[in-house]
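Novice: Below is the structure I would like to discuss, written out as structure tokens.
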Amino acid sequence: MWRTGPGPSLRRAARLCSSTPPKASHTNKLRPHAEKQRRRRVREEGILSSQHGTSLPFPSCYSPEYVESSWYQWWEKEGFFSPEQHERLPHAVDQTFSLCIPPPNVTGTLHLGHALTVAVEDALVRRRMQGCRVLWVPGCDHAGIATQTVVERRLLRQTGKHRRDFTRDEFLEEVWKWKNKGDEIYHQLRKLGASLDWSRACFTMDPGFSRAVTAAFVRLCDSGLIYRSEGLVSWSCALESAISDIEVDSKELSGRTMLSVPGYEHKVEFGSMLSFAYPVEGHTEVVVSTTRPETMLGDVAIAVHPDDPRYQMVHGKHCRHPFTDRLLPIITDSMVDVELGTAVKVTPAHDHTDFVLSQRHSLPRLTVIAGDGTMTESCGQWLEGVKRFDARQLVVDALVEKRLFRGRKAHAMSLPVCRSGDIIEPLLRNQWFVRCDVMAKKAVQAVEERQLEIIPEYYTKTWKNWLSNIDWCISRQLWWGHQIPAYKVMLPSSEGQQEEQWVWGRSEDEARQRAAVKYGLKPDAVTLTRPDVLDTWFSSALFPFAMLGWPDQTADLQQFYPNSVLETGSDLIFFWVARMVMLGTELTGQLPFKQVLFHSLVRDKYGRKMSKSLGNVIDPLDVIHGVSLERLQGKVKEGNLDPREQLVAMEAQRKDFPAGIPECGTDALRFALCSHKMQEDLSLSVAQVLSCRHFCNKMWQTLRFTLGVLSLQTAPLSSMDRWICSRLHSTVGQCEQAFEAYELHSVTSALYSFWVHSLCDIYMEYIKPLLTQQDQEVVLTTDTEHSGDAKQAAIAVLYHCVSVSLALLSPFMPFITEELWQRLQPFAPEAAAQTSLCLQPYPRSAQLAHWHFAEEERDFLLVQEVIRVARSLRAQCGITKAKPNSVWAVCSPSQAEVLLRFGSAIRTLSRISDLHICCSDRGSIPPSVHSTSPPKTSLAGVVDHTCQLHLHSGMNIEKQIVQLSQRRDRLVPKLDQILARVQSPSYLTKVPSHVREQMDSKVSALEQELKTVEDQLKLLQE
């Protein structure tokens, strides 16, 4: 027996599950204020029981803030996210599932891209409901460049001082103060409902993690995989550091563009191609073109294509540099693009292509731009110390003065820009590099041999192409980050020595001992300096095993490594994923994970990539809690945007969110994010999230209705009971298959469809009259759907469908499902296995096999069409809900049998008073089926070519004739269009057989409907 709990009357409960949700609002109108205050008091006083305060009154309307205010604190306090808890579950299995969250940068707050990551990964780790031992580790990345930039700007704004005005230790102290002030990211993750094991949270600058970074660097150096060399790197003059490609943004210019550059009062011109001449011995000249004329001071040669007829006479000759008087050889190389129109100036120290040319032709490399962006002494006194873009104009003026300038024109180009806003400068520098060739081959081989699975598979080609030729500069000239455990050695006799000398070690003492042995000195005679820090991606590449305690062989490392899967954005395939695979395999001897699951970018509703300067970056908490336009604009003003970019961003916000963003809640946001295909860029609008909030309200009202009618338990009796149970079984099967394939959008689609379309729109609408009528009103029918036990069966089925559906939805909507499940528990037929839904066994189709009724599911397809056509006929006649009317179904014997079994559902859902079934072939159909033929003046509709419905409407003949004529006029061109396609010459050869079958069936139905309309018209006109 189920206990009958307090609730509204059955009639009132039936009205609660309205199909029209209340209008969403970001005001507080929907909040049940008193209950919310009581919930808050319960939480603050720490008196939450296993049912977590659900004895409080059930508010009449759904409120995200009410539902999501306190569950997470309880989950975390009880340790539900710990793998040690999962081992003790009654349904525990000997399987481990582990992964790490891609550690977001400590610099700021999460955006919707991070929210997508959380939503997807949290859905995956809910495998703990299947009894798996699950570990999901949270973390945060120190983000070397981004963090240093943020703190530098803050200090400049607050104190007027630059980084160089502090000592390194003083500056790092300021960074730690800034870092330790806020845990905004962890707060956001909790608000998103991420079921992370916070006891294992990992920051990449934690002492344990730093020890792992040091150990990794030393091991790789000892094995020869890390080396120091001179190379051409992407350099930020504002940061005075090399940066990785991930810090470089490409700004596309269509032509001449004036841009603001840090350190310059006036805008600088870009997107122009300038041409000038080099005098050639023999009183001729060679014209070259460049977008960076300031680099011509570093030219060491002129290159032409060997087959270009314009330059055949200058092969092997020399040009004289107009400012330095150096002789520049004219070389030939097939790398030169003939279509460029001119010869090519070769500046190996400032251009990647020219660097390759210098290697092929043994050319010198002359650096003319220093690390701070000023011109070097090799440029001459007139340019030494001048800023590079100021020098640009001086060089052009000098070329004009020497009559060597040949003009300029607009030139479309891609301009490399640093996150600091600076223009990237390729510079030749001594740096630390990782030798990747052997490790990269292993990473490619792992994918080819299916040891590592990349999902979706089409990324495997990109993976192979990129790993075929890579080089990785890992040193950064920053102050914030992991100091490289490599020490520059100064020996007593090395004063004035040009060649660098280095040693490395896990500590300074170890490095000093190594240096003493290497150079035959006493340790005290060696002076060591440690200038650079490591690329942030180097430490991030160690995350899957460093987070578990590596290099120590900890219990976590032995149990949870390799990770089960890595889920991340597709834009990190090279910068993070490939490097994790290479370093993980090299340092641990194992792949760091078995599968890589990529999701695509989250874009705004216009399909644009989210950018602060566009004003379309959305904080997930603003969607969850709602935010005013004024607050949105305040956040832009508080950021680090240029004043001009601020204006653009604020105008975009005024256009997109004139009334701010309404309160949507975490569950709605997560469900909306998971409802999109992961492999397609997601263009998310707030309207889509609001639609999911409406779904939350539908769930809320469904529970209120369910709680109002709970009574006794029994087995499903009616055809409709069996149908909804079978639909639930099929939905569980769909979820199983889609989860296995990581197709979360298919899971959410199946669950939404079941709850809204099957459970609410059909089954609950069907049982409402049954549950709200008095016992004495029950009438026995041929299908036993209103027998004495029918009401109890319907209630039992309703409870079953709702409770199972809540468990199915829990991975996507953890807050509302927990709230509703807890309220349902007092009426459960037996005690729940766990105190929280998040640890309940996840529904399996095998467990529900006894409620799989394939015949009912198949037959109900016909029933749905009958209901649709009947409703359509009533709408055509303008029949109101209250007016009784009869429908005749003229059909085949097999269809008659189905309609007879579902007769009660058809009458209820079609809102008709009587259903007469007419069948000419008696067969085994009961005599009651063969009622009188439909009235001649009834309005007809076609279900399919063997089934028609006739509605006796009482409408006047003239009006029926008009309506039927309009129907005929719509049907004729529709049928002609399909027939034209079917009768085309290539139809039989090009159209698949299953499509032809569908088209044939459609033609038959349309022809039957047209014939029925014409017969009716003829009858009425007579």
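In the structure tokens, the first chain shown is A, the next is B, and so on; residue numbers restart at 1 for each chain, and ligands run from 1 in the order shown.
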Could you name the residues that touch Leu669 of chain A at 8 Å or less, counting only C-alpha atoms, but leaving out those on the same chain fewer than 3 positions away, as a list in words?

Specialist: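 The residues that qualify are Val623, Ile624, Cys664, Gly665, Thr666, Ala672, Leu673, Val689 and Cys692 of chain A.
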
Novice: Which distance in Å separates atom CA of Thr147 of chain A and atom CA of Tyr487 of chain A, to one decimal?

Specialist: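 Rounded to one decimal, the two atoms are 24.5 Å apart.
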
Novice: Using only C-alpha atoms, which of A:Gln847, A:Ser718, A:Thr367, A:Ser539 sits nearest Ala793 of chain A?

Specialist: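 Result for the nearest residue to Ala793 of chain A: A:Ser718.
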
Novice: Can you pull out the residues contacting Ser675 of chain A? Cut-off 8 Å, using only C-alpha atoms, and skip same-chain residues under 5 positions away; I want them as an MDAnalysis selection string.

Specialist: chainID A and resid 744:746 748:749

Novice: As a list in words, please: the residues near segment 542-554 of chain A (cut-off 8 Å, only C-alpha atoms, same-chain neighbours under 6 positions excluded).

Specialist: Leu99, Cys100, Val137, Arg200, Cys202, Gly208, Phe209, Ala212, Val213, Ala215, Phe560, Tyr561, Pro562, Asn563, Met580, Leu583, Gly584 and Pro592 of chain A

Novice: Can you spit out the residues from that selection as an mmCIF file, in the first residue's frame, using N, CA and C atoms?

Specialist:
data_model
loop_
_atom_site.group_PDB
_atom_site.id
_atom_site.type_symbol
_atom_site.label_atom_id
_atom_site.label_comp_id
_atom_site.auth_asym_id
_atom_site.auth_seq_id
_atom_site.Cartn_x
_atom_site.Cartn_y
_atom_site.Cartn_z
ATOM 1 N N LEU A 99 37.891 11.361 -14.749
ATOM 2 C CA LEU A 99 38.263 12.412 -15.686
ATOM 3 C C LEU A 99 38.547 13.683 -14.895
ATOM 4 N N CYS A 100 39.210 14.619 -15.555
ATOM 5 C CA CYS A 100 39.478 15.916 -14.933
ATOM 6 C C CYS A 100 38.727 16.983 -15.708
ATOM 7 N N VAL A 137 37.747 15.388 -11.050
ATOM 8 C CA VAL A 137 38.623 16.283 -10.301
ATOM 9 C C VAL A 137 38.484 17.720 -10.797
ATOM 10 N N ARG A 200 39.746 16.896 -3.725
ATOM 11 C CA ARG A 200 40.924 16.667 -4.554
ATOM 12 C C ARG A 200 41.174 17.848 -5.504
ATOM 13 N N CYS A 202 42.610 20.863 -7.501
ATOM 14 C CA CYS A 202 44.017 20.983 -7.861
ATOM 15 C C CYS A 202 44.275 22.308 -8.579
ATOM 16 N N GLY A 208 52.410 20.539 -4.523
ATOM 17 C CA GLY A 208 52.499 19.190 -5.069
ATOM 18 C C GLY A 208 52.544 19.185 -6.581
ATOM 19 N N PHE A 209 51.735 20.031 -7.186
ATOM 20 C CA PHE A 209 51.722 20.099 -8.648
ATOM 21 C C PHE A 209 53.043 20.676 -9.156
ATOM 22 N N ALA A 212 55.599 18.092 -9.396
ATOM 23 C CA ALA A 212 55.411 17.253 -10.577
ATOM 24 C C ALA A 212 55.976 17.930 -11.824
ATOM 25 N N VAL A 213 55.772 19.248 -11.936
ATOM 26 C CA VAL A 213 56.290 19.991 -13.087
ATOM 27 C C VAL A 213 57.820 19.928 -13.113
ATOM 28 N N ALA A 215 59.763 17.664 -11.716
ATOM 29 C CA ALA A 215 60.192 16.291 -12.014
ATOM 30 C C ALA A 215 60.065 15.994 -13.504
ATOM 31 N N PHE A 560 42.983 5.459 -10.515
ATOM 32 C CA PHE A 560 42.235 6.299 -11.449
ATOM 33 C C PHE A 560 43.018 6.729 -12.679
ATOM 34 N N TYR A 561 44.246 6.227 -12.842
ATOM 35 C CA TYR A 561 45.025 6.552 -14.035
ATOM 36 C C TYR A 561 45.294 5.276 -14.817
ATOM 37 N N PRO A 562 45.116 5.297 -16.141
ATOM 38 C CA PRO A 562 44.701 6.420 -16.990
ATOM 39 C C PRO A 562 43.252 6.845 -16.725
ATOM 40 N N ASN A 563 42.966 8.123 -17.012
ATOM 41 C CA ASN A 563 41.587 8.590 -16.940
ATOM 42 C C ASN A 563 40.747 7.852 -17.978
ATOM 43 N N MET A 580 49.117 16.568 -23.815
ATOM 44 C CA MET A 580 48.839 15.628 -22.741
ATOM 45 C C MET A 580 49.178 14.207 -23.172
ATOM 46 N N LEU A 583 53.220 13.921 -23.469
ATOM 47 C CA LEU A 583 53.935 13.905 -22.193
ATOM 48 C C LEU A 583 53.442 12.794 -21.276
ATOM 49 N N GLY A 584 52.131 12.516 -21.311
ATOM 50 C CA GLY A 584 51.603 11.444 -20.477
ATOM 51 C C GLY A 584 52.198 10.105 -20.838
ATOM 52 N N PRO A 592 47.261 8.943 -21.253
ATOM 53 C CA PRO A 592 46.598 9.573 -20.094
ATOM 54 C C PRO A 592 45.103 9.318 -20.034
#

Novice: Would you kindly return, as a list in words, each protein, DNA or RNA residue with an atom no farther than 10 Å from any atom of Ala277 of chain A, considering only C-alpha atoms and excluding same-chain residues fewer than 3 positions away?

Specialist: Val280, Thr284, Glu285, Val286, Val287, Val288, Ser289, Cys319, His321, Pro322, Ala343, Leu399, Arg403, Leu404, Phe405 and Arg406 of chain A

Novice: Export N, CA and C atoms of the chosen residues as a short mmCIF file (atom, residue, chain, number, x, y, z; two decimals), in the first residue's frame?

Specialist:
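This is the output file selection01.cif:
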data_model
loop_
_atom_site.label_atom_id
_atom_site.label_comp_id
_atom_site.auth_asym_id
_atom_site.auth_seq_id
_atom_site.Cartn_x
_atom_site.Cartn_y
_atom_site.Cartn_z
N VAL A 280 71.08 47.74 -57.70
CA VAL A 280 71.86 46.56 -58.06
C VAL A 280 73.08 47.00 -58.83
N THR A 284 71.11 49.07 -62.24
CA THR A 284 69.70 48.67 -62.32
C THR A 284 69.17 48.56 -60.91
N GLU A 285 67.96 48.08 -60.75
CA GLU A 285 67.37 47.96 -59.41
C GLU A 285 66.43 46.77 -59.35
N VAL A 286 66.18 46.33 -58.12
CA VAL A 286 65.19 45.27 -57.86
C VAL A 286 64.18 45.83 -56.87
N VAL A 287 62.89 45.74 -57.23
CA VAL A 287 61.82 46.26 -56.38
C VAL A 287 61.29 45.13 -55.49
N VAL A 288 61.19 45.43 -54.20
CA VAL A 288 60.63 44.47 -53.24
C VAL A 288 59.44 45.12 -52.56
N SER A 289 58.58 44.28 -51.97
CA SER A 289 57.38 44.77 -51.28
C SER A 289 57.34 44.20 -49.87
N CYS A 319 72.92 43.51 -54.24
CA CYS A 319 72.34 44.84 -54.02
C CYS A 319 73.10 45.50 -52.88
N HIS A 321 72.69 47.85 -49.60
CA HIS A 321 71.69 48.38 -48.68
C HIS A 321 71.84 49.89 -48.59
N PRO A 322 70.76 50.63 -48.78
CA PRO A 322 70.88 52.10 -48.85
C PRO A 322 71.24 52.75 -47.52
N ALA A 343 60.36 40.88 -56.29
CA ALA A 343 61.34 40.04 -55.59
C ALA A 343 61.01 40.07 -54.09
N LEU A 399 63.47 56.45 -47.34
CA LEU A 399 63.42 55.85 -48.68
C LEU A 399 62.92 56.87 -49.70
N ARG A 403 64.87 58.55 -52.96
CA ARG A 403 64.17 58.27 -54.22
C ARG A 403 64.12 56.77 -54.52
N LEU A 404 63.98 55.99 -53.46
CA LEU A 404 63.85 54.53 -53.62
C LEU A 404 62.45 54.04 -53.33
N PHE A 405 61.60 54.91 -52.82
CA PHE A 405 60.23 54.51 -52.50
C PHE A 405 59.43 54.40 -53.80
N ARG A 406 58.67 53.29 -53.94
CA ARG A 406 57.94 53.04 -55.19
C ARG A 406 56.42 52.97 -54.99
#

Novice: Taking the backbone alone, and naming residues the way the document does, which bits of segment 245-489 of chain A are strand (DSSP E) by DSSP, as a ChimeraX atom specification?

Specialist: /A:248-253,257-259,268-270,272-280,284-290,301-304,318-320,327-332,344-346,405-410,413-418,425-434,453-455,472-473,475-476,486-489

Novice: List as a tab-separated table (two decimals) with N, CA and C atoms, in the first residue's frame the protein and nucleic acid residues near Asp524 of chain A, meaning an atom at most 10 Å away when only C-alpha atoms are counted, but skip any in the same chain fewer than 4 places from it.

Specialist:
chain	number	residue	atom	x	y	z
A	512	ARG	N	73.43	22.77	-8.48
A	512	ARG	CA	74.78	23.22	-8.14
A	512	ARG	C	75.76	22.03	-8.14
A	513	GLN	N	75.31	20.91	-7.60
A	513	GLN	CA	76.17	19.72	-7.60
A	513	GLN	C	76.44	19.26	-9.02
A	516	ALA	N	78.96	21.61	-10.56
A	516	ALA	CA	80.30	21.38	-10.03
A	516	ALA	C	80.96	20.18	-10.69

Novice: Could you name the residues that touch segment 724-740 of chain A at 7 Å or less, counting only C-alpha atoms, but leaving out those on the same chain fewer than 3 positions away, as a VMD selection string?

Specialist: chain A and resid 720 to 721 743 to 744 746 to 747 750 to 751 763 801 843 to 845 848 851 to 854 857

Novice: For the residues selected in the previous step, produce a file with C-alpha atoms as a PDB file, in the first residue's frame.

Specialist:
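To be explicit, this is the file written out as out.pdb:
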ATOM      1  CA  MET A 720      -3.182   3.198 -22.265  1.00  0.00           C
ATOM      2  CA  ASP A 721      -1.408   2.090 -19.085  1.00  0.00           C
ATOM      3  CA  GLU A 743      25.052  11.705 -28.088  1.00  0.00           C
ATOM      4  CA  LEU A 744      23.627  13.687 -25.200  1.00  0.00           C
ATOM      5  CA  SER A 746      19.552  12.391 -28.300  1.00  0.00           C
ATOM      6  CA  VAL A 747      19.125  11.647 -24.595  1.00  0.00           C
ATOM      7  CA  ALA A 750      14.056  11.465 -25.888  1.00  0.00           C
ATOM      8  CA  LEU A 751      13.415  12.555 -22.293  1.00  0.00           C
ATOM      9  CA  TYR A 763      -1.422   9.990 -20.714  1.00  0.00           C
ATOM     10  CA  CYS A 801       6.613   7.046 -15.030  1.00  0.00           C
ATOM     11  CA  PRO A 843      17.123   3.090 -14.855  1.00  0.00           C
ATOM     12  CA  ARG A 844      18.011   0.237 -17.209  1.00  0.00           C
ATOM     13  CA  SER A 845      15.794  -1.070 -19.995  1.00  0.00           C
ATOM     14  CA  LEU A 848      11.764  -2.614 -17.183  1.00  0.00           C
ATOM     15  CA  TRP A 851       6.604  -3.462 -18.991  1.00  0.00           C
ATOM     16  CA  HIS A 852       7.532  -3.529 -22.638  1.00  0.00           C
ATOM     17  CA  PHE A 853       4.360  -3.845 -24.747  1.00  0.00           C
ATOM     18  CA  ALA A 854       5.483  -3.536 -28.346  1.00  0.00           C
ATOM     19  CA  GLU A 857       3.308   1.117 -28.954  1.00  0.00           C
TER      20      GLU A 857
END

Novice: Find the distance between atom CA of Val972 of chain A and atom CA of Val942 of chain A and write it in Å to one decimal.

Specialist: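 That distance, rounded to one decimal, is 14.9 Å.
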